[in-house]
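Have a look at structure_31.cif below; it lists mmCIF, C-alpha atoms and all ligand atoms.
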data_target
#
loop_
_atom_site.label_atom_id
_atom_site.label_comp_id
_atom_site.auth_asym_id
_atom_site.auth_seq_id
_atom_site.Cartn_x
_atom_site.Cartn_y
_atom_site.Cartn_z
CA MET A 11 -34.80 24.91 -11.06
CA VAL A 12 -31.49 25.00 -12.94
CA ASP A 13 -30.42 27.98 -10.80
CA GLN A 14 -31.30 26.06 -7.65
CA GLU A 15 -29.25 23.04 -8.81
CA GLN A 16 -26.35 25.30 -9.73
CA LYS A 17 -26.52 26.91 -6.29
CA LEU A 18 -26.55 23.53 -4.56
CA SER A 19 -23.50 22.32 -6.39
CA GLU A 20 -21.67 25.60 -5.71
CA THR A 21 -22.47 25.23 -2.01
CA LYS A 22 -21.20 21.65 -2.14
CA ILE A 23 -17.99 22.77 -3.83
CA GLU A 24 -17.53 25.46 -1.17
CA GLN A 25 -18.04 22.86 1.60
CA LEU A 26 -15.49 20.54 0.02
CA LYS A 27 -12.81 23.18 0.65
CA SER A 28 -12.92 22.35 4.34
CA VAL A 29 -14.57 18.92 4.65
CA ARG A 30 -13.43 15.53 3.33
CA THR A 31 -15.99 13.08 1.99
CA GLU A 32 -16.50 9.70 3.71
CA THR A 33 -14.93 8.01 0.70
CA GLU A 34 -11.80 10.17 0.99
CA ASP A 35 -11.66 9.39 4.70
CA VAL A 36 -11.67 5.65 4.04
CA ILE A 37 -8.97 6.06 1.39
CA LEU A 38 -6.74 8.23 3.55
CA LYS A 39 -7.18 6.30 6.78
CA ARG A 40 -6.90 2.73 5.46
CA ARG A 41 -3.87 0.88 6.83
CA SER A 42 -2.72 -2.63 6.07
CA VAL A 43 -3.89 -4.86 8.89
CA ARG A 44 -1.60 -7.67 10.02
CA VAL A 45 -3.20 -8.71 13.30
CA PHE A 46 -6.71 -10.13 13.11
CA GLN A 47 -9.31 -11.34 15.55
CA LYS A 48 -9.93 -15.07 15.38
CA LYS A 49 -13.64 -14.74 14.57
CA GLN A 50 -14.69 -15.36 10.98
CA VAL A 51 -16.12 -12.53 8.86
CA PRO A 52 -19.84 -13.03 8.12
CA GLU A 53 -20.35 -14.37 4.62
CA PHE A 54 -22.52 -11.43 3.55
CA LEU A 55 -19.70 -8.94 4.22
CA ILE A 56 -17.32 -10.89 2.00
CA LYS A 57 -20.03 -10.96 -0.66
CA ARG A 58 -20.33 -7.18 -0.35
CA MET A 59 -16.58 -6.90 -0.91
CA LEU A 60 -16.81 -9.13 -3.97
CA GLU A 61 -19.63 -6.95 -5.26
CA ALA A 62 -17.43 -3.86 -4.88
CA GLY A 63 -14.77 -5.70 -6.88
CA ARG A 64 -17.23 -6.70 -9.54
CA PHE A 65 -18.24 -3.07 -10.07
CA ALA A 66 -14.67 -1.94 -10.76
CA PRO A 67 -13.89 -0.27 -14.07
CA SER A 68 -11.88 -2.33 -16.55
CA ALA A 69 -10.52 -1.77 -20.05
CA GLY A 70 -13.31 -2.32 -22.57
CA ASN A 71 -15.39 -3.51 -19.60
CA SER A 72 -13.66 -6.86 -20.06
CA MET A 73 -13.73 -7.58 -16.30
CA PRO A 74 -10.70 -9.87 -16.60
CA TRP A 75 -10.70 -11.31 -13.10
CA LYS A 76 -11.50 -14.37 -11.08
CA PHE A 77 -11.83 -14.23 -7.31
CA VAL A 78 -11.34 -17.29 -5.12
CA VAL A 79 -12.44 -17.05 -1.49
CA LEU A 80 -10.57 -19.23 1.00
CA ARG A 81 -12.08 -19.81 4.41
CA ASP A 82 -10.77 -23.33 4.77
CA GLN A 83 -7.85 -23.34 7.20
CA GLU A 84 -6.35 -26.49 5.72
CA ILE A 85 -6.07 -24.81 2.30
CA ILE A 86 -4.71 -21.53 3.71
CA ASP A 87 -2.13 -23.46 5.77
CA GLY A 88 -1.26 -25.66 2.78
CA ILE A 89 -0.59 -22.66 0.50
CA THR A 90 1.45 -21.08 3.30
CA GLN A 91 3.55 -24.25 3.57
CA THR A 92 4.18 -24.34 -0.18
CA ILE A 93 5.29 -20.69 -0.07
CA ILE A 94 7.66 -21.41 2.84
CA GLU A 95 9.17 -24.42 1.05
CA THR A 96 9.60 -22.46 -2.20
CA CYS A 97 11.19 -19.56 -0.32
CA LYS A 98 13.65 -21.99 1.26
CA ILE A 99 14.73 -23.10 -2.24
CA TYR A 100 14.95 -19.47 -3.41
CA LYS A 101 16.94 -18.52 -0.34
CA GLY A 102 19.42 -21.34 -1.00
CA LEU A 103 19.85 -20.20 -4.60
CA ILE A 104 19.93 -16.44 -4.31
CA ASP A 105 20.93 -15.42 -0.83
CA TYR A 106 24.42 -14.19 -1.75
CA ARG A 107 24.97 -12.96 1.83
CA TYR A 108 25.67 -16.43 3.19
CA ASN A 109 27.85 -18.12 0.60
CA GLY A 110 31.49 -17.79 -0.18
CA SER A 111 31.52 -19.46 -3.58
CA ILE A 112 32.00 -17.01 -6.44
CA LEU A 113 30.01 -19.26 -8.80
CA ARG A 114 26.99 -19.22 -6.47
CA ARG A 115 27.25 -15.45 -6.19
CA ILE A 116 27.30 -15.14 -9.98
CA ILE A 117 24.26 -17.41 -10.28
CA ALA A 118 22.49 -15.43 -7.54
CA ASN A 119 23.23 -12.19 -9.39
CA ILE A 120 21.89 -13.54 -12.68
CA ILE A 121 18.66 -14.76 -11.04
CA ILE A 122 18.16 -11.49 -9.13
CA LYS A 123 18.77 -9.39 -12.26
CA SER A 124 16.33 -11.52 -14.26
CA LYS A 125 13.54 -10.77 -11.76
CA PRO A 126 14.15 -7.16 -10.72
CA ASN A 127 10.62 -6.62 -9.37
CA ASP A 128 10.15 -9.92 -7.58
CA LEU A 129 13.65 -9.80 -6.12
CA HIS A 130 13.77 -6.11 -5.21
CA PRO A 131 15.53 -5.73 -1.80
CA VAL A 132 12.19 -5.60 0.09
CA PRO A 133 10.70 -8.93 -1.13
CA PHE A 134 14.26 -10.32 -1.21
CA GLY A 135 14.56 -9.71 2.53
CA ALA A 136 11.05 -11.08 3.06
CA ILE A 137 11.91 -14.30 1.18
CA SER A 138 14.67 -15.00 3.70
CA LEU A 139 12.37 -14.26 6.62
CA ILE A 140 9.61 -16.48 5.18
CA ALA A 141 12.11 -19.30 4.55
CA ASP A 142 13.18 -19.05 8.19
CA GLU A 143 9.51 -18.97 9.24
CA LYS A 144 10.01 -15.57 10.88
CA LEU A 145 7.42 -13.75 8.77
CA GLY A 146 3.69 -14.55 8.67
CA LEU A 147 2.12 -15.03 5.26
CA PHE A 148 -1.59 -14.41 5.62
CA HIS A 149 -1.23 -12.98 9.14
CA ASN A 150 -3.74 -15.54 10.48
CA ALA A 151 -6.59 -13.84 8.62
CA PRO A 152 -9.76 -15.98 8.69
CA THR A 153 -10.60 -15.16 5.05
CA VAL A 154 -8.29 -14.85 2.05
CA ILE A 155 -9.38 -13.65 -1.39
CA LEU A 156 -7.14 -14.76 -4.25
CA ILE A 157 -7.24 -12.57 -7.35
CA PHE A 158 -6.47 -14.08 -10.75
CA ALA A 159 -6.31 -12.19 -14.04
CA ASP A 160 -7.85 -13.47 -17.24
CA GLU A 161 -4.86 -13.25 -19.56
CA ARG A 162 -7.20 -12.67 -22.52
CA GLY A 163 -8.34 -9.33 -21.09
CA ILE A 164 -7.91 -6.03 -22.92
CA GLY A 165 -4.83 -3.86 -22.30
CA PHE A 166 -3.47 -4.62 -18.86
CA PRO A 167 -5.66 -7.25 -17.14
CA THR A 168 -3.48 -7.19 -14.01
CA LEU A 169 -4.13 -3.46 -13.66
CA ASP A 170 -7.89 -4.08 -13.85
CA CYS A 171 -7.46 -6.74 -11.15
CA GLY A 172 -5.60 -4.25 -8.98
CA ILE A 173 -8.44 -1.75 -9.35
CA ALA A 174 -11.01 -4.43 -8.47
CA GLY A 175 -8.89 -5.49 -5.49
CA GLN A 176 -8.61 -1.96 -4.17
CA ASN A 177 -12.39 -1.52 -4.56
CA MET A 178 -12.77 -4.59 -2.31
CA VAL A 179 -10.20 -3.25 0.16
CA LEU A 180 -11.90 0.12 0.48
CA ALA A 181 -15.36 -1.44 0.78
CA ALA A 182 -14.00 -3.71 3.54
CA HIS A 183 -12.50 -0.83 5.51
CA SER A 184 -15.68 1.23 5.13
CA MET A 185 -17.47 -1.70 6.85
CA GLY A 186 -14.99 -1.89 9.73
CA LEU A 187 -13.01 -4.85 8.38
CA GLY A 188 -9.25 -4.96 8.01
CA THR A 189 -7.31 -6.13 4.96
CA CYS A 190 -3.77 -6.64 3.82
CA TRP A 191 -2.64 -7.20 0.25
CA ILE A 192 -0.52 -10.36 0.13
CA GLY A 193 1.63 -10.85 -2.94
CA PHE A 194 3.64 -13.93 -1.96
CA PRO A 195 1.14 -16.64 -2.97
CA LYS A 196 2.50 -15.94 -6.45
CA VAL A 197 5.32 -18.36 -5.66
CA ALA A 198 2.77 -21.08 -4.83
CA PHE A 199 0.86 -20.53 -8.09
CA GLU A 200 3.76 -19.93 -10.48
CA ASN A 201 6.55 -22.27 -9.39
CA THR A 202 4.42 -25.36 -8.91
CA SER A 203 1.10 -26.62 -10.21
CA ILE A 204 -0.03 -28.15 -6.88
CA TRP A 205 -2.39 -25.35 -5.94
CA ARG A 206 -3.53 -24.52 -9.44
CA ASN A 207 -4.58 -28.17 -9.77
CA ARG A 208 -6.10 -28.37 -6.31
CA LEU A 209 -8.19 -25.23 -6.82
CA GLY A 210 -8.92 -25.92 -10.48
CA ILE A 211 -7.19 -22.77 -11.73
CA ASP A 212 -6.22 -23.16 -15.35
CA TYR A 213 -5.58 -21.01 -18.44
CA PRO A 214 -6.55 -18.18 -18.88
CA TYR A 215 -6.13 -17.38 -15.20
CA LYS A 216 -2.87 -16.11 -13.77
CA PHE A 217 -2.31 -15.24 -10.12
CA VAL A 218 -2.11 -11.49 -9.48
CA SER A 219 -2.29 -10.97 -5.73
CA SER A 220 -4.44 -11.73 -2.72
CA LEU A 221 -6.18 -10.07 0.19
CA ALA A 222 -6.10 -11.18 3.81
CA VAL A 223 -9.40 -10.15 5.38
CA GLY A 224 -10.70 -10.15 8.92
CA PHE A 225 -11.78 -8.09 11.87
CA PRO A 226 -8.76 -6.06 12.92
CA MET A 227 -7.31 -6.37 16.39
CA GLY A 228 -7.43 -2.85 17.88
CA LYS A 229 -7.87 0.17 15.61
CA PRO A 230 -5.04 0.12 13.07
CA ASP A 231 -6.72 2.45 10.55
CA GLY A 232 -5.63 6.08 10.68
CA MET A 233 -3.62 8.57 8.68
CA VAL A 234 0.16 8.36 8.46
CA ALA A 235 2.56 10.74 6.74
CA ARG A 236 3.39 9.83 3.16
CA PRO A 237 6.30 11.13 1.13
CA THR A 238 5.19 13.45 -1.66
CA HIS A 239 5.97 12.81 -5.30
CA ALA A 240 6.43 15.80 -7.58
CA VAL A 241 3.47 16.34 -9.92
CA ASP A 242 3.95 18.34 -13.12
CA TRP A 243 0.94 20.55 -13.79
CA TYR A 244 0.42 22.24 -17.17
CA GLU A 245 -2.19 24.97 -17.47
CA ASP A 246 -2.66 28.08 -19.58
CA GLY A 247 0.70 27.66 -21.26
CA MET A 248 2.54 27.40 -17.93
CA LYS A 249 4.11 24.50 -16.07
CA LYS A 250 4.26 24.30 -12.32
CA THR A 251 5.37 21.52 -10.03
CA LEU A 252 3.29 20.43 -7.09
CA TYR A 253 4.75 18.64 -4.06
C1 LIG A 301 0.42 -5.65 -4.43
C2 LIG A 301 0.77 -5.60 -2.95
C3 LIG A 301 1.37 -6.70 -2.36
C4 LIG A 301 1.63 -6.68 -0.98
N1 LIG A 301 2.14 -7.81 -0.40
C5 LIG A 301 2.26 -7.84 0.95
C6 LIG A 301 2.64 -9.07 1.58
O1 LIG A 301 2.90 -10.09 0.95
N2 LIG A 301 2.69 -9.07 2.95
C7 LIG A 301 2.39 -7.95 3.69
O2 LIG A 301 2.43 -8.03 4.92
N3 LIG A 301 2.04 -6.78 3.11
C8 LIG A 301 1.96 -6.70 1.76
N4 LIG A 301 1.54 -5.54 1.15
C9 LIG A 301 1.19 -4.36 1.97
C10 LIG A 301 2.22 -3.22 1.84
O3 LIG A 301 3.36 -3.56 2.57
C11 LIG A 301 1.56 -1.92 2.39
O4 LIG A 301 0.46 -1.61 1.58
C12 LIG A 301 2.52 -0.75 2.40
O5 LIG A 301 3.57 -0.99 3.29
C13 LIG A 301 1.83 0.55 2.79
O6 LIG A 301 1.21 0.44 4.07
P1 LIG A 301 -0.36 0.66 4.26
O7 LIG A 301 -1.08 -0.34 3.39
O8 LIG A 301 -0.62 0.47 5.71
O9 LIG A 301 -0.69 2.05 3.81
C14 LIG A 301 1.33 -5.52 -0.21
C15 LIG A 301 0.74 -4.41 -0.84
C16 LIG A 301 0.45 -4.46 -2.18
C17 LIG A 301 -0.25 -3.26 -2.81
#

For the structure just supplied, provide its representation as structure tokens.
Amino acid sequence: MVDQEQKLSETKIEQLKSVRTETEDVILKRRSVRVFQKKQVPEFLIKRMLEAGRFAPSAGNSMPWKFVVLRDQEIIDGITQTIIETCKIYKGLIDYRYNGSILRRIIANIIIKSKPNDLHPVPFGAISLIADEKLGLFHNAPTVILIFADERGIGFPTLDCGIAGQNMVLAAHSMGLGTCWIGFPKVAFENTSIWRNRLGIDYPYKFVSSLAVGFPMGKPDGMVARPTHAVDWYEDGMKKTLY
């Protein structure tokens, strides 16, 4: 019996040399989807996504997350509007490209340096586009899942939320849905209390990110080339570098 089991697993290992698992396929082929069909996602599929999120690992099994599902267009549009208005203010304060005053440039520099992640050149560019209403926020997705971290969680609650979010994303793509992570609602939940109050989000919950979910238009999933990052590998007293 043990021999048989051993043989089976050796055969499986041999097969894995040439065949990817379905899970790997979903991981490798998932693409962010930014064009959705108008039709709403059936409720049970969203519940399946939430279930995948709920089963995510978390430090000390603290499960430090809260998911809020939005399928109410008025709320999605309202949050979008708050983000646009906030980005307009940000743009006026920090867009050093359009002002001649040295003082404003100094202020812009200080603000940008104080938020190096939020105001990295990529989101910085996006803030201007959002302010000018040239960049969609939730890409007209019929469902949005907001992810909040319980600040009392163990270790890094936002990391646990990211893991739960990616579980939901992969479950969605395995079911033929499309998703896109959307980070910008942060400005609607951190710079003003309008939406926290409206949705009843209070301490200990802090916005982490969100997912736009819907049926994709066309077939956006598929593999694309990714740059490699060097991996240091230590074994048997030797170090090698993998690319
Ligand atoms: C935390 C996070 C926040 C993101 N925020 C946005 C966003 O606000 N808008 C957007 O269109 N894409 C957003 N993305 C999607 C990334 O741009 C995308 O994952 C990346 O370009 C790689 O492309 P891929 O997802 O198709 O592999 C975000 C992704 C992550 C992980």

Assuming 6 Å of padding per side, give the centre and edge lengths of the axis-aligned box around every listed atom of region 135-144 of chain A, in Å to one decimal and as JSON.
{"center_x": 12.1, "center_y": -14.5, "center_z": 6.0, "size_x": 17.2, "size_y": 21.6, "size_z": 21.7}

Quiz item: Quick one: residues within 10 Å of region 94-100 of chain A, only C-alpha atoms counted, chain neighbours fewer than 3 positions away excluded, as a list in words?
Solution: Gly88, Ile89, Thr90, Gln91, Leu103, Ile104, Asp105, Ala118, Ile121, Phe134, Ala136, Ile137, Ser138, Leu139, Ile140, Ala141, Asp142, Glu143, Leu145, Gly146, Leu147, Phe194, Pro195, Val197, Ala198, Asn201 and Thr202 of chain A

Kindly work out which residues sit at most 8 Å from ligand LIG 301 (chain A), using only C-alpha atoms and all ligand atoms, and give the list as a CSV table (one decimal) with C-alpha atoms, keeping the file's coordinate frame.
chain,number,residue,atom,x,y,z
A,40,ARG,CA,-6.9,2.7,5.5
A,41,ARG,CA,-3.9,0.9,6.8
A,42,SER,CA,-2.7,-2.6,6.1
A,43,VAL,CA,-3.9,-4.9,8.9
A,44,ARG,CA,-1.6,-7.7,10.0
A,146,GLY,CA,3.7,-14.6,8.7
A,147,LEU,CA,2.1,-15.0,5.3
A,148,PHE,CA,-1.6,-14.4,5.6
A,149,HIS,CA,-1.2,-13.0,9.1
A,172,GLY,CA,-5.6,-4.2,-9.0
A,190,CYS,CA,-3.8,-6.6,3.8
A,191,TRP,CA,-2.6,-7.2,0.2
A,192,ILE,CA,-0.5,-10.4,0.1
A,193,GLY,CA,1.6,-10.8,-2.9
A,194,PHE,CA,3.6,-13.9,-2.0
A,195,PRO,CA,1.1,-16.6,-3.0
A,219,SER,CA,-2.3,-11.0,-5.7
A,220,SER,CA,-4.4,-11.7,-2.7
A,234,VAL,CA,0.2,8.4,8.5

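If you look at CA of Ile155 (chain A) and CA of Asn207 (chain A), they are 17.4 Å away from each other.
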
Quiz item: Between CA of Asn127 (chain A) and CA of Ser111 (chain A), what is the distance, to one decimal in Å?
Solution: 25.2 Å

Tell me, counting all atoms listed in the file, for each residue of region 70-159 of chain A within 10 Å of region 174-182 of chain A, which pair of atoms is nearest and how far apart they are in Å to one decimal, in rows ordered by chain and increasing number, as a Markdown table.
| residue | atom | partner | partner_atom | distance |
| --- | --- | --- | --- | --- |
| A:Met73 | CA | A:Ala174 | CA | 8.9 |
| A:Pro74 | CA | A:Ala174 | CA | 9.8 |
| A:Trp75 | CA | A:Ala174 | CA | 8.3 |
| A:Phe77 | CA | A:Gly175 | CA | 9.4 |
| A:Ile155 | CA | A:Gly175 | CA | 9.1 |
| A:Leu156 | CA | A:Gly175 | CA | 9.5 |
| A:Ile157 | CA | A:Gly175 | CA | 7.5 |

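Atom to atom, CA of Glu61 (chain A) and CA of Phe217 (chain A) stand 19.8 Å apart.
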
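The shortest atom-to-atom distance to Asp170 (chain A), with all atoms listed in the file taken into account, belongs to A:Val218 out of A:Asp87, A:Val218, A:Arg81, A:Asp231.
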
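The nearest approach to Met185 (chain A) among the residues A:Val223, A:Lys101, A:Asp128, A:Trp243, with only C-alpha atoms taken into account, belongs to A:Val223.
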
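Nearest residue to Pro226 (chain A), choosing from A:Gly135, A:Gln47, A:Gly247, A:Thr21 and counting all atoms listed in the file: A:Gln47.
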
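Distance annotation: of A:Phe54, A:Tyr253, A:Phe65, A:Phe199, the residue with the minimal separation from Tyr215 (chain A) is A:Phe199; atom set is all atoms listed in the file.
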